[in-house]
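Structure file coords-v1.cif (mmCIF, C-alpha atoms and all ligand atoms) is printed below.
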```
data_query
loop_
_atom_site.label_atom_id
_atom_site.label_comp_id
_atom_site.auth_asym_id
_atom_site.auth_seq_id
_atom_site.Cartn_x
_atom_site.Cartn_y
_atom_site.Cartn_z
CA MET A 273 -11.26 -30.05 18.50
CA LYS A 274 -14.55 -28.41 19.38
CA ALA A 275 -15.48 -25.31 17.37
CA PRO A 276 -15.27 -22.13 19.44
CA SER A 277 -18.70 -20.50 19.83
CA LYS A 278 -19.72 -18.01 17.15
CA HIS A 279 -18.02 -14.68 17.41
CA ARG A 280 -19.20 -11.32 16.07
CA PHE A 281 -18.12 -10.63 12.46
CA ILE A 282 -14.48 -9.51 12.20
CA PRO A 283 -13.83 -7.59 8.96
CA VAL A 284 -10.39 -7.76 7.35
CA ALA A 285 -10.10 -3.95 7.29
CA HIS A 286 -12.01 -1.16 9.01
CA PRO A 287 -11.45 2.61 9.17
CA VAL A 288 -11.26 4.22 12.61
CA PHE A 289 -12.52 7.80 12.95
CA ALA A 290 -11.69 8.57 16.56
CA GLY A 291 -10.41 12.15 16.25
CA ASN A 292 -11.45 15.37 14.51
CA GLU A 293 -12.86 13.71 11.38
CA LYS A 294 -16.49 14.71 11.95
CA LYS A 295 -15.58 18.21 13.14
CA TYR A 296 -13.41 18.95 10.11
CA VAL A 297 -15.84 17.47 7.57
CA THR A 298 -18.66 19.46 9.19
CA GLU A 299 -16.55 22.58 8.80
CA CYS A 300 -16.30 21.87 5.05
CA ILE A 301 -20.07 21.57 4.79
CA ASP A 302 -20.77 24.62 6.96
CA THR A 303 -18.30 26.80 5.08
CA LEU A 304 -19.19 25.32 1.66
CA TRP A 305 -15.51 24.56 0.94
CA ILE A 306 -16.36 21.12 -0.38
CA SER A 307 -14.44 20.98 -3.64
CA SER A 308 -10.72 21.00 -4.37
CA ALA A 309 -9.90 24.34 -2.75
CA GLY A 310 -9.93 25.05 1.00
CA ARG A 311 -7.73 25.09 4.04
CA PHE A 312 -7.61 21.35 4.63
CA ILE A 313 -5.88 20.62 1.31
CA ALA A 314 -2.89 22.84 2.13
CA GLU A 315 -2.75 21.72 5.76
CA PHE A 316 -2.97 18.02 4.98
CA GLU A 317 -0.26 18.37 2.31
CA ALA A 318 2.05 20.34 4.63
CA ASP A 319 1.59 17.99 7.59
CA PHE A 320 1.94 14.90 5.43
CA ALA A 321 5.21 16.15 3.92
CA ALA A 322 6.53 16.91 7.40
CA TYR A 323 5.51 13.44 8.63
CA CYS A 324 7.36 11.78 5.75
CA GLY A 325 10.38 14.03 6.25
CA VAL A 326 10.21 15.47 2.73
CA LYS A 327 9.76 18.99 1.35
CA TYR A 328 6.70 18.66 -0.88
CA ALA A 329 3.44 16.73 -0.88
CA VAL A 330 0.88 16.84 -3.71
CA SER A 331 -2.54 15.42 -2.83
CA THR A 332 -4.49 13.45 -5.44
CA ASN A 333 -7.87 11.78 -5.84
CA ASN A 334 -6.42 8.28 -5.31
CA GLY A 335 -3.18 6.36 -5.01
CA THR A 336 -3.24 5.21 -8.62
CA THR A 337 -3.36 8.76 -9.97
CA ALA A 338 -0.52 9.71 -7.61
CA LEU A 339 1.53 6.93 -9.24
CA HIS A 340 0.48 8.08 -12.72
CA LEU A 341 1.54 11.66 -11.89
CA ALA A 342 4.88 10.32 -10.61
CA MET A 343 5.52 8.52 -13.90
CA LEU A 344 4.42 11.56 -15.97
CA ALA A 345 6.45 14.01 -13.90
CA LEU A 346 9.53 11.83 -14.40
CA GLY A 347 8.93 12.03 -18.16
CA LEU A 348 8.17 8.35 -18.71
CA ALA A 349 7.35 7.84 -22.41
CA PRO A 350 6.40 5.09 -24.89
CA GLY A 351 9.27 2.66 -25.39
CA ASP A 352 10.62 3.13 -21.87
CA GLU A 353 10.79 0.32 -19.32
CA VAL A 354 10.35 0.37 -15.55
CA ILE A 355 11.31 -2.46 -13.18
CA VAL A 356 8.25 -3.41 -11.09
CA PRO A 357 7.78 -6.34 -8.68
CA THR A 358 5.34 -8.89 -10.08
CA MET A 359 3.97 -9.27 -6.53
CA THR A 360 2.07 -6.02 -6.13
CA TYR A 361 -1.34 -4.42 -6.56
CA ILE A 362 -2.07 -3.75 -10.22
CA ALA A 363 -1.95 0.06 -9.86
CA SER A 364 1.88 -0.09 -9.71
CA ALA A 365 2.12 -1.72 -13.14
CA ASN A 366 -0.77 0.22 -14.67
CA ALA A 367 0.80 3.60 -13.88
CA VAL A 368 3.70 2.59 -16.14
CA THR A 369 1.36 1.27 -18.85
CA TYR A 370 -0.72 4.50 -18.84
CA CYS A 371 2.41 6.29 -20.14
CA GLY A 372 2.83 3.81 -22.99
CA ALA A 373 5.87 2.36 -21.22
CA THR A 374 6.41 -1.27 -20.21
CA PRO A 375 6.63 -2.68 -16.69
CA VAL A 376 9.36 -5.35 -16.52
CA PHE A 377 8.60 -7.73 -13.70
CA VAL A 378 10.95 -9.09 -11.05
CA ASP A 379 10.31 -11.84 -8.50
CA SER A 380 10.14 -11.40 -4.71
CA GLU A 381 12.64 -12.26 -2.02
CA PRO A 382 11.26 -15.14 0.08
CA GLU A 383 11.44 -13.44 3.49
CA THR A 384 9.61 -10.16 2.97
CA LEU A 385 7.98 -10.87 -0.42
CA ASN A 386 9.32 -7.50 -1.61
CA ILE A 387 11.21 -7.14 -4.89
CA ASP A 388 14.38 -9.28 -4.77
CA PRO A 389 17.37 -6.94 -5.26
CA GLN A 390 19.49 -9.84 -6.52
CA LEU A 391 17.22 -10.25 -9.53
CA ILE A 392 16.96 -6.61 -10.56
CA GLU A 393 20.14 -6.23 -12.61
CA ALA A 394 19.20 -9.10 -14.94
CA ALA A 395 15.99 -7.21 -15.81
CA ILE A 396 17.74 -3.95 -16.74
CA THR A 397 17.96 -3.13 -20.46
CA PRO A 398 19.05 0.01 -22.38
CA LYS A 399 15.37 1.09 -22.22
CA THR A 400 15.12 0.93 -18.41
CA LYS A 401 14.43 4.32 -16.84
CA GLY A 402 13.73 3.45 -13.25
CA ILE A 403 12.76 1.03 -10.50
CA MET A 404 9.38 1.13 -8.78
CA VAL A 405 9.66 -0.42 -5.35
CA VAL A 406 6.56 -1.48 -3.43
CA HIS A 407 6.76 -1.89 0.33
CA LEU A 408 4.43 -4.88 0.35
CA TYR A 409 1.86 -5.04 3.17
CA GLY A 410 3.93 -2.49 5.10
CA HIS A 411 7.44 -3.99 5.19
CA PRO A 412 10.03 -1.72 3.55
CA ALA A 413 11.89 -3.10 0.54
CA ALA A 414 15.68 -3.59 0.76
CA MET A 415 16.46 0.04 -0.04
CA ASP A 416 20.26 -0.14 0.48
CA ALA A 417 20.77 -2.77 -2.20
CA ILE A 418 18.15 -1.29 -4.53
CA SER A 419 19.58 2.24 -4.22
CA ALA A 420 23.07 0.95 -5.04
CA ILE A 421 21.77 -0.72 -8.20
CA ALA A 422 19.83 2.39 -9.23
CA GLU A 423 22.88 4.57 -8.75
CA LYS A 424 25.16 2.21 -10.66
CA HIS A 425 22.81 2.17 -13.67
CA GLY A 426 21.64 5.80 -13.54
CA LEU A 427 18.03 4.85 -12.79
CA TRP A 428 15.46 6.69 -10.70
CA ILE A 429 13.55 5.04 -7.87
CA VAL A 430 9.87 5.61 -7.12
CA GLU A 431 8.44 4.16 -3.93
CA ASP A 432 4.87 2.89 -4.13
CA ALA A 433 4.41 3.33 -0.39
CA ALA A 434 0.61 2.92 -0.49
CA GLU A 435 0.78 0.12 2.08
CA ALA A 436 3.62 1.36 4.24
CA LEU A 437 2.80 4.76 5.73
CA GLY A 438 4.91 5.09 8.90
CA ALA A 439 7.18 2.10 8.22
CA THR A 440 10.89 2.79 8.67
CA TYR A 441 14.10 1.52 7.10
CA ASP A 442 17.38 2.22 8.89
CA GLY A 443 15.45 4.61 11.12
CA THR A 444 14.03 6.71 8.25
CA ARG A 445 10.36 6.70 7.29
CA VAL A 446 9.50 5.39 3.85
CA GLY A 447 8.67 8.09 1.32
CA GLY A 448 12.09 9.71 1.16
CA PHE A 449 14.18 6.97 -0.46
CA GLY A 450 13.49 7.67 -4.11
CA ARG A 451 12.97 10.64 -6.46
CA CYS A 452 9.40 10.56 -5.20
CA ALA A 453 6.97 8.29 -3.38
CA THR A 454 3.24 7.78 -3.48
CA PHE A 455 0.61 6.84 -0.91
CA SER A 456 -3.04 5.75 -1.00
CA PHE A 457 -5.85 6.68 1.37
CA PHE A 458 -8.41 4.16 0.17
CA GLY A 459 -10.88 3.02 2.85
CA ASN A 460 -8.80 0.01 3.85
CA LYS A 461 -5.43 1.77 4.09
CA THR A 462 -3.60 2.75 7.30
CA ILE A 463 -5.19 6.19 7.18
CA THR A 464 -8.08 6.95 4.84
CA THR A 465 -9.78 9.81 3.07
CA GLY A 466 -12.34 7.52 1.42
CA GLU A 467 -10.53 7.69 -1.89
CA GLY A 468 -7.34 9.72 -2.04
CA GLY A 469 -3.61 9.68 -2.57
CA MET A 470 -0.41 11.68 -2.17
CA LEU A 471 2.83 12.16 -4.05
CA VAL A 472 5.79 13.24 -1.90
CA THR A 473 9.21 14.44 -3.04
CA ASP A 474 12.18 16.64 -2.18
CA ASP A 475 12.42 17.72 -5.82
CA ALA A 476 10.80 21.14 -6.36
CA THR A 477 10.63 20.74 -10.15
CA LEU A 478 9.00 17.33 -9.89
CA ALA A 479 6.46 18.61 -7.35
CA ALA A 480 5.57 21.59 -9.56
CA ARG A 481 5.20 19.34 -12.59
CA ALA A 482 2.91 16.99 -10.63
CA ARG A 483 0.79 19.96 -9.46
CA LEU A 484 0.48 21.25 -13.02
CA LEU A 485 -0.57 17.87 -14.41
CA ARG A 486 -2.95 17.25 -11.50
CA GLY A 487 -4.88 20.44 -12.31
CA GLN A 488 -5.61 19.97 -16.03
CA GLY A 489 -2.25 21.47 -16.97
CA MET A 490 -3.37 24.93 -15.86
CA ASP A 491 -0.51 27.36 -15.24
CA LEU A 492 -0.10 27.61 -11.47
CA GLU A 493 0.17 31.42 -11.71
CA ARG A 494 -2.33 32.18 -14.50
CA ARG A 495 -5.92 30.94 -14.32
CA TYR A 496 -7.37 29.25 -17.41
CA TRP A 497 -4.03 29.31 -19.17
CA PHE A 498 -3.16 25.71 -19.97
CA THR A 499 0.43 24.91 -20.80
CA THR A 500 0.00 21.18 -21.43
CA VAL A 501 -2.62 18.44 -21.58
CA GLY A 502 -3.14 17.56 -17.93
CA TYR A 503 -5.63 15.63 -15.84
CA ASN A 504 -8.18 16.27 -13.12
CA TYR A 505 -6.59 14.26 -10.33
CA ARG A 506 -7.43 16.68 -7.48
CA MET A 507 -8.37 15.70 -3.92
CA THR A 508 -11.39 17.44 -2.37
CA ASN A 509 -11.27 19.57 0.77
CA ILE A 510 -13.65 17.07 2.42
CA GLU A 511 -11.22 14.25 1.74
CA ALA A 512 -8.32 16.36 3.00
CA ALA A 513 -10.35 17.17 6.14
CA LEU A 514 -10.63 13.45 6.83
CA GLY A 515 -6.96 12.98 6.00
CA LEU A 516 -5.77 15.73 8.33
CA ALA A 517 -7.81 14.31 11.22
CA GLN A 518 -6.53 10.80 10.49
CA LEU A 519 -2.93 12.02 10.31
CA GLU A 520 -3.27 13.76 13.68
CA ASN A 521 -3.79 10.26 15.15
CA ILE A 522 -1.24 8.40 13.04
CA ASP A 523 0.77 7.26 16.06
CA VAL A 524 -2.34 5.69 17.62
CA HIS A 525 -3.20 3.92 14.35
CA LEU A 526 0.33 2.56 13.96
CA GLU A 527 0.80 1.57 17.60
CA HIS A 528 -2.38 -0.49 17.56
CA ARG A 529 -1.13 -2.36 14.51
CA GLN A 530 2.18 -3.11 16.27
CA LYS A 531 0.33 -4.54 19.26
CA LEU A 532 -1.97 -6.50 16.97
CA ALA A 533 1.00 -8.02 15.16
CA SER A 534 2.58 -9.08 18.46
CA TRP A 535 -0.74 -10.70 19.53
CA TYR A 536 -0.89 -12.61 16.25
CA ASP A 537 2.79 -13.64 16.53
CA ARG A 538 2.14 -15.05 20.01
CA ALA A 539 -1.19 -16.69 19.21
CA LEU A 540 0.17 -18.37 16.08
CA SER A 541 3.53 -19.40 17.55
CA ASP A 542 2.32 -22.98 18.10
CA CYS A 543 1.46 -23.36 14.41
CA ALA A 544 4.95 -22.94 12.97
CA ASP A 545 4.61 -26.31 11.18
CA THR A 546 1.82 -24.93 9.02
CA ILE A 547 1.81 -21.15 9.28
CA VAL A 548 4.63 -18.77 8.37
CA THR A 549 4.16 -15.43 10.15
CA PRO A 550 5.55 -12.13 8.80
CA VAL A 551 9.27 -11.45 9.10
CA VAL A 552 10.46 -8.04 10.30
CA ARG A 553 14.06 -7.28 9.36
CA THR A 554 16.25 -5.91 12.15
CA ASN A 555 16.85 -2.61 10.28
CA ALA A 556 13.15 -2.10 9.56
CA THR A 557 9.83 -1.43 11.23
CA HIS A 558 6.76 -2.97 9.62
CA SER A 559 3.66 -0.76 9.48
CA PHE A 560 1.45 -3.88 9.36
CA TRP A 561 -1.04 -2.53 6.88
CA MET A 562 -1.98 -6.21 6.53
CA TYR A 563 -0.77 -9.02 8.81
CA THR A 564 -0.15 -11.65 6.16
CA ILE A 565 0.53 -15.31 6.82
CA GLN A 566 1.60 -18.11 4.50
CA MET A 567 0.04 -21.58 4.69
CA LYS A 568 2.83 -24.08 3.99
CA GLY A 569 2.07 -26.35 1.04
CA TYR A 570 -1.32 -24.81 0.29
CA THR A 571 -2.66 -24.34 -3.26
CA TYR A 572 -5.19 -21.87 -4.62
CA GLU A 573 -7.91 -24.47 -3.90
CA THR A 574 -6.97 -25.35 -0.32
CA ARG A 575 -6.16 -21.73 0.56
CA ASP A 576 -9.49 -20.48 -0.82
CA ALA A 577 -11.34 -23.30 0.97
CA LEU A 578 -9.69 -22.29 4.25
CA MET A 579 -10.72 -18.66 3.68
CA SER A 580 -14.34 -19.74 3.03
CA SER A 581 -14.33 -21.77 6.23
CA LEU A 582 -12.96 -18.79 8.18
CA ARG A 583 -15.69 -16.63 6.64
CA ALA A 584 -18.28 -19.13 7.87
CA GLU A 585 -16.86 -18.55 11.37
CA ASN A 586 -17.31 -14.76 10.92
CA ILE A 587 -13.65 -14.08 10.12
CA GLU A 588 -13.09 -12.12 6.94
CA THR A 589 -9.69 -12.53 5.26
CA ARG A 590 -8.26 -11.69 1.87
CA PRO A 591 -6.00 -13.62 -0.45
CA ALA A 592 -2.47 -12.48 -1.34
CA PHE A 593 -2.32 -10.53 -4.60
CA TYR A 594 -2.09 -12.49 -7.82
CA PRO A 595 1.28 -11.73 -9.42
CA MET A 596 0.98 -9.35 -12.36
CA HIS A 597 2.33 -11.88 -14.87
CA VAL A 598 -0.45 -14.45 -14.34
CA MET A 599 -3.26 -12.04 -15.27
CA PRO A 600 -4.53 -11.08 -18.76
CA PRO A 601 -3.07 -7.53 -19.04
CA TYR A 602 0.45 -8.69 -18.23
CA TYR A 603 0.39 -12.41 -18.98
CA GLU A 604 3.67 -14.32 -19.25
CA ALA A 605 4.14 -18.08 -19.17
CA SER A 606 4.35 -19.15 -15.53
CA GLY A 607 7.46 -20.50 -13.85
CA ALA A 608 9.73 -17.49 -14.09
CA TYR A 609 8.72 -15.98 -10.75
CA PRO A 610 8.54 -18.92 -8.32
CA VAL A 611 8.51 -16.98 -5.03
CA ALA A 612 5.63 -14.70 -6.06
CA GLU A 613 3.73 -17.63 -7.58
CA ARG A 614 3.99 -19.63 -4.38
CA PHE A 615 2.99 -16.70 -2.18
CA ALA A 616 -0.03 -16.00 -4.40
CA LYS A 617 -1.27 -19.49 -3.54
CA ASP A 618 -0.44 -19.68 0.15
CA GLY A 619 -0.82 -16.07 1.35
CA ILE A 620 -3.72 -14.89 3.49
CA CYS A 621 -4.20 -11.43 5.02
CA LEU A 622 -5.78 -11.68 8.47
CA PRO A 623 -8.00 -8.93 9.94
CA THR A 624 -5.68 -5.95 10.56
CA HIS A 625 -7.21 -2.72 11.82
CA GLY A 626 -7.76 -0.58 14.88
CA LEU A 627 -10.80 -2.44 16.20
CA VAL A 628 -9.30 -5.94 16.39
CA THR A 629 -8.83 -6.88 20.06
CA GLU A 630 -6.51 -9.40 21.68
CA GLU A 631 -9.54 -11.60 22.34
CA ASP A 632 -10.42 -11.44 18.61
CA VAL A 633 -6.88 -12.55 17.78
CA ASP A 634 -7.20 -15.54 20.11
CA TYR A 635 -10.50 -16.48 18.48
CA ILE A 636 -8.97 -16.15 14.99
CA ALA A 637 -5.93 -18.26 15.98
CA LYS A 638 -8.09 -20.95 17.64
CA THR A 639 -10.40 -21.10 14.65
CA LEU A 640 -7.45 -21.33 12.24
CA MET A 641 -5.96 -24.23 14.25
CA MET A 642 -9.31 -26.00 14.39
CA LEU A 643 -9.80 -25.70 10.62
CA ILE A 644 -6.22 -26.80 9.88
CA SER A 645 -6.54 -29.88 12.09
CA ARG A 646 -9.90 -30.70 10.53
CA ALA A 647 -8.36 -30.55 7.03
CA LEU A 648 -5.54 -32.97 7.95
C1 LIG B 1 -3.81 0.70 -2.49
C2 LIG B 1 -2.63 0.63 -3.40
C3 LIG B 1 -2.42 1.56 -4.45
C4 LIG B 1 -3.36 2.68 -4.80
O1 LIG B 1 -4.67 2.38 -4.76
P1 LIG B 1 -5.88 3.39 -4.91
O2 LIG B 1 -7.05 2.50 -4.68
O3 LIG B 1 -5.84 3.95 -6.31
O4 LIG B 1 -5.76 4.48 -3.89
C5 LIG B 1 -1.26 1.45 -5.18
N1 LIG B 1 -0.36 0.50 -4.94
C6 LIG B 1 -0.50 -0.39 -3.95
C7 LIG B 1 0.59 -1.38 -3.71
C8 LIG B 1 -1.65 -0.38 -3.17
O5 LIG B 1 -1.81 -1.29 -2.19
#
```

Please re-express this file's structure in structure tokens.
Amino acid sequence: MKAPSKHRFIPVAHPVFAGNEKKYVTECIDTLWISSAGRFIAEFEADFAAYCGVKYAVSTNNGTTALHLAMLALGLAPGDEVIVPTMTYIASANAVTYCGATPVFVDSEPETLNIDPQLIEAAITPKTKGIMVVHLYGHPAAMDAISAIAEKHGLWIVEDAAEALGATYDGTRVGGFGRCATFSFFGNKTITTGEGGMLVTDDATLAARARLLRGQGMDLERRYWFTTVGYNYRMTNIEAALGLAQLENIDVHLEHRQKLASWYDRALSDCADTIVTPVVRTNATHSFWMYTIQMKGYTYETRDALMSSLRAENIETRPAFYPMHVMPPYYEASGAYPVAERFAKDGICLPTHGLVTEEDVDYIAKTLMMLISRAL
């Protein structure tokens, strides 16, 4: 097959500032409310909580610190264990480790790559305090089955929803299924504040505890009176200004990703022999933070070679996450988590953001097919 002519560079992720971002950030600069006080913090928190359908939202300086605050506010302590999918971004596991507790890994279900509910009970011990679910790449985890297990064993659930803002499960948006949930607004996430994060919950005590710990442990009613050793995990008003403007356009951001996914599904439908496209369960909507495909039978070497060839054709991609248990901080002998280990080798995230056009998708699909046929 002849190589399609060179296309402009298509990044794997790209923020889109098409609303009030500049206006609100300019207001911060003009009014000098640039640090972690100002109107945008309160407004972004209130609107974000309302969007997620929960009572409280606590903004943070990134998604990892939101997860750390969640673990601290739940009282996680040395000796405790938390069930965590091995197929996740390392922040999920690290938040547990920061508290001196131990993440206990569980493999993925083959369809969605989310934590496999059927494997959770075998990982529960007398030390287990909770289950951290991660809605990987934007597809909600199997919350019915996971909630039933948590209830049966008296465990809490925390949703690491960093990748799934706007995704729904049984008609309800993610963020309200556990004791609390966390989000990230890193530059490549569905909405961004540059760096930033959010903890959401219906639990007033948990929200107050997270606020206290976020602000150095300073009493919320009495300035410079510190009741505990806390952290400086505060978001700035400038970041919240960006966040509020991004949230105002959330429907536009999400709708584009739905269209994009349907373009990819169509363009890749002829490649079913080689490419597995993302599954969307009938009771779920996928937020398509990343449209992630699997290359049947690929290895780290052939997958990485394919990604390099795509890059040479101006298509940026990213590999699936490495499972936690193959890396130095959390190393375990391989073999125990076959689904995650396979996905780590054959998974590729294709460009997924608001500037990818249908024509771009056709170019990406054609290029993929050309490279696959060349490799055969
Ligand atoms: C992005 C992300 C986070 C948080 O990342 P930050 O860069 O700290 O905002 C946490 N968990 C998952 C699964 C993520 O994808």

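With all atoms listed in the file as the basis for measurement, A:Val405 is the residue among A:Val354, A:Val405, A:Leu348, A:Ala647 that approaches ligand LIG 1 (chain B) most closely.
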
For A:Thr360, the nearest of the candidates A:Thr554, A:Asn386, A:Gln530, A:Thr337, counting only C-alpha atoms: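 Answer, going by the shortest atom-to-atom distance: A:Asn386.
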
Can you pull out every residue within 8 Å of A:Ile620, counting only C-alpha atoms, but drop anything in the same chain fewer than 4 positions away, and send it as a list of chain:residue names?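 The residues satisfying every condition are A:Thr564, A:Ile565, A:Gln566, A:Met567, A:Arg575, A:Met579, A:Thr589, A:Arg590, A:Pro591, A:Ala592.
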
Show me which residues line ligand LIG 1 (chain B), defined as having an atom within 6 Å of a ligand atom where only C-alpha atoms and all ligand atoms count, and present them as an MDAnalysis selection string. chainID A and resid 334:336 360:361 363:364 406 432 434:435 456:458 468:469

Pick out the closest residue to A:Glu527 from this set: A:Thr462, A:Arg486, A:Ser580, A:Cys543. Count only C-alpha atoms.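 Distance minimum relative to A:Glu527 lands on A:Thr462.
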
Using only C-alpha atoms for the distances, tell me which of A:Thr473, A:Ser534, A:Thr440, A:Gln518 is nearest to A:Cys452.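 Going through A:Thr473, A:Ser534, A:Thr440, A:Gln518 one by one, the smallest distance to A:Cys452 is for A:Thr473.
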
Within 9 Å of stretch 305-308 of chain A using all atoms listed in the file, minus same-chain residues under 3 positions, as a ChimeraX atom specification: /A:297,299-302,311,313,506-511

Between atom CA of A:Ile396 and atom CA of A:Gly619, what is the spacing in Å?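 Separation between atom CA of A:Gly619 and atom CA of A:Ile396: 28.6 Å.
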
Close residues, A:Ala395 itself excluded, 10 Å, only C-alpha atoms, min 6 positions apart in chain, as number ranges by chain: A: 353-356, 376-378

Take the residues from that selection and write them out as a short mmCIF file (atom, residue, chain, number, x, y, z; two decimals), in the frame of the given file, keeping C-alpha atoms.
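Listing of out-v6.cif after writing:
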```cif
data_model
loop_
_atom_site.label_atom_id
_atom_site.label_comp_id
_atom_site.auth_asym_id
_atom_site.auth_seq_id
_atom_site.Cartn_x
_atom_site.Cartn_y
_atom_site.Cartn_z
CA GLU A 353 10.79 0.32 -19.32
CA VAL A 354 10.35 0.37 -15.55
CA ILE A 355 11.31 -2.46 -13.18
CA VAL A 356 8.25 -3.41 -11.09
CA VAL A 376 9.36 -5.35 -16.52
CA PHE A 377 8.60 -7.73 -13.70
CA VAL A 378 10.95 -9.09 -11.05
#
```

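Between atom CA of A:Leu514 and atom CA of A:Lys295 the interatomic distance comes to 9.3 Å.
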
Env of A:Ala612: 12 Å cut, atoms = all atoms listed in the file, seq-sep filter 6 positions within chain, self excluded. Answer as a PDB file with C-alpha atoms, in the coordinates of the input.
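As written to disk, result.pdb reads:
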```pdb
ATOM      1  CA  PRO A 357       7.780  -6.340  -8.680  1.00  0.00           C
ATOM      2  CA  THR A 358       5.340  -8.890 -10.080  1.00  0.00           C
ATOM      3  CA  MET A 359       3.970  -9.270  -6.530  1.00  0.00           C
ATOM      4  CA  THR A 360       2.070  -6.020  -6.130  1.00  0.00           C
ATOM      5  CA  PHE A 377       8.600  -7.730 -13.700  1.00  0.00           C
ATOM      6  CA  VAL A 378      10.950  -9.090 -11.050  1.00  0.00           C
ATOM      7  CA  ASP A 379      10.310 -11.840  -8.500  1.00  0.00           C
ATOM      8  CA  SER A 380      10.140 -11.400  -4.710  1.00  0.00           C
ATOM      9  CA  GLU A 381      12.640 -12.260  -2.020  1.00  0.00           C
ATOM     10  CA  PRO A 382      11.260 -15.140   0.080  1.00  0.00           C
ATOM     11  CA  GLU A 383      11.440 -13.440   3.490  1.00  0.00           C
ATOM     12  CA  THR A 384       9.610 -10.160   2.970  1.00  0.00           C
ATOM     13  CA  LEU A 385       7.980 -10.870  -0.420  1.00  0.00           C
ATOM     14  CA  ASN A 386       9.320  -7.500  -1.610  1.00  0.00           C
ATOM     15  CA  ILE A 387      11.210  -7.140  -4.890  1.00  0.00           C
ATOM     16  CA  ASP A 388      14.380  -9.280  -4.770  1.00  0.00           C
ATOM     17  CA  LEU A 408       4.430  -4.880   0.350  1.00  0.00           C
ATOM     18  CA  GLN A 566       1.600 -18.110   4.500  1.00  0.00           C
ATOM     19  CA  ALA A 592      -2.470 -12.480  -1.340  1.00  0.00           C
ATOM     20  CA  PHE A 593      -2.320 -10.530  -4.600  1.00  0.00           C
ATOM     21  CA  TYR A 594      -2.090 -12.490  -7.820  1.00  0.00           C
ATOM     22  CA  PRO A 595       1.280 -11.730  -9.420  1.00  0.00           C
ATOM     23  CA  MET A 596       0.980  -9.350 -12.360  1.00  0.00           C
ATOM     24  CA  HIS A 597       2.330 -11.880 -14.870  1.00  0.00           C
ATOM     25  CA  VAL A 598      -0.450 -14.450 -14.340  1.00  0.00           C
ATOM     26  CA  SER A 606       4.350 -19.150 -15.530  1.00  0.00           C
ATOM     27  CA  ASP A 618      -0.440 -19.680   0.150  1.00  0.00           C
ATOM     28  CA  GLY A 619      -0.820 -16.070   1.350  1.00  0.00           C
TER      29      GLY A 619
END
```

I'd like the interatomic distance between atom CA of A:Asn292 and atom CA of A:Thr465, to a tenth of an Å.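 Here the two named atoms are 12.8 Å from each other.
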
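With distances taken over all atoms listed in the file, A:Leu540 is the one residue among A:Leu540, A:Phe560, A:Thr303, A:Pro610 lying closest to A:Lys638.
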
Taking the partial coordinates given, rebuild stretch 527-538 of chain A to contain N, CA and C atoms; return it as a PDB file, keeping the file's coordinate frame.
```pdb
ATOM      1  N   GLU A 527       0.495   2.317  16.377  1.00  0.00           N
ATOM      2  CA  GLU A 527       0.800   1.570  17.600  1.00  0.00           C
ATOM      3  C   GLU A 527      -0.170   0.399  17.783  1.00  0.00           C
ATOM      4  N   HIS A 528      -1.437   0.621  17.432  1.00  0.00           N
ATOM      5  CA  HIS A 528      -2.380  -0.490  17.560  1.00  0.00           C
ATOM      6  C   HIS A 528      -1.973  -1.647  16.648  1.00  0.00           C
ATOM      7  N   ARG A 529      -1.523  -1.302  15.444  1.00  0.00           N
ATOM      8  CA  ARG A 529      -1.130  -2.360  14.510  1.00  0.00           C
ATOM      9  C   ARG A 529       0.110  -3.122  15.001  1.00  0.00           C
ATOM     10  N   GLN A 530       1.018  -2.416  15.696  1.00  0.00           N
ATOM     11  CA  GLN A 530       2.180  -3.110  16.270  1.00  0.00           C
ATOM     12  C   GLN A 530       1.742  -4.099  17.336  1.00  0.00           C
ATOM     13  N   LYS A 531       0.833  -3.658  18.189  1.00  0.00           N
ATOM     14  CA  LYS A 531       0.330  -4.540  19.260  1.00  0.00           C
ATOM     15  C   LYS A 531      -0.367  -5.745  18.647  1.00  0.00           C
ATOM     16  N   LEU A 532      -1.213  -5.448  17.649  1.00  0.00           N
ATOM     17  CA  LEU A 532      -1.970  -6.500  16.970  1.00  0.00           C
ATOM     18  C   LEU A 532      -1.029  -7.554  16.390  1.00  0.00           C
ATOM     19  N   ALA A 533       0.038  -7.084  15.755  1.00  0.00           N
ATOM     20  CA  ALA A 533       1.000  -8.020  15.160  1.00  0.00           C
ATOM     21  C   ALA A 533       1.631  -8.883  16.235  1.00  0.00           C
ATOM     22  N   SER A 534       1.942  -8.274  17.401  1.00  0.00           N
ATOM     23  CA  SER A 534       2.580  -9.080  18.460  1.00  0.00           C
ATOM     24  C   SER A 534       1.575 -10.078  19.027  1.00  0.00           C
ATOM     25  N   TRP A 535       0.281  -9.724  19.083  1.00  0.00           N
ATOM     26  CA  TRP A 535      -0.740 -10.700  19.530  1.00  0.00           C
ATOM     27  C   TRP A 535      -0.822 -11.867  18.551  1.00  0.00           C
ATOM     28  N   TYR A 536      -0.841 -11.538  17.262  1.00  0.00           N
ATOM     29  CA  TYR A 536      -0.890 -12.610  16.250  1.00  0.00           C
ATOM     30  C   TYR A 536       0.359 -13.506  16.345  1.00  0.00           C
ATOM     31  N   ASP A 537       1.540 -12.865  16.456  1.00  0.00           N
ATOM     32  CA  ASP A 537       2.790 -13.640  16.530  1.00  0.00           C
ATOM     33  C   ASP A 537       2.715 -14.660  17.681  1.00  0.00           C
ATOM     34  N   ARG A 538       2.233 -14.178  18.845  1.00  0.00           N
ATOM     35  CA  ARG A 538       2.140 -15.050  20.010  1.00  0.00           C
ATOM     36  C   ARG A 538       1.099 -16.145  19.804  1.00  0.00           C
TER      37      ARG A 538
END
```
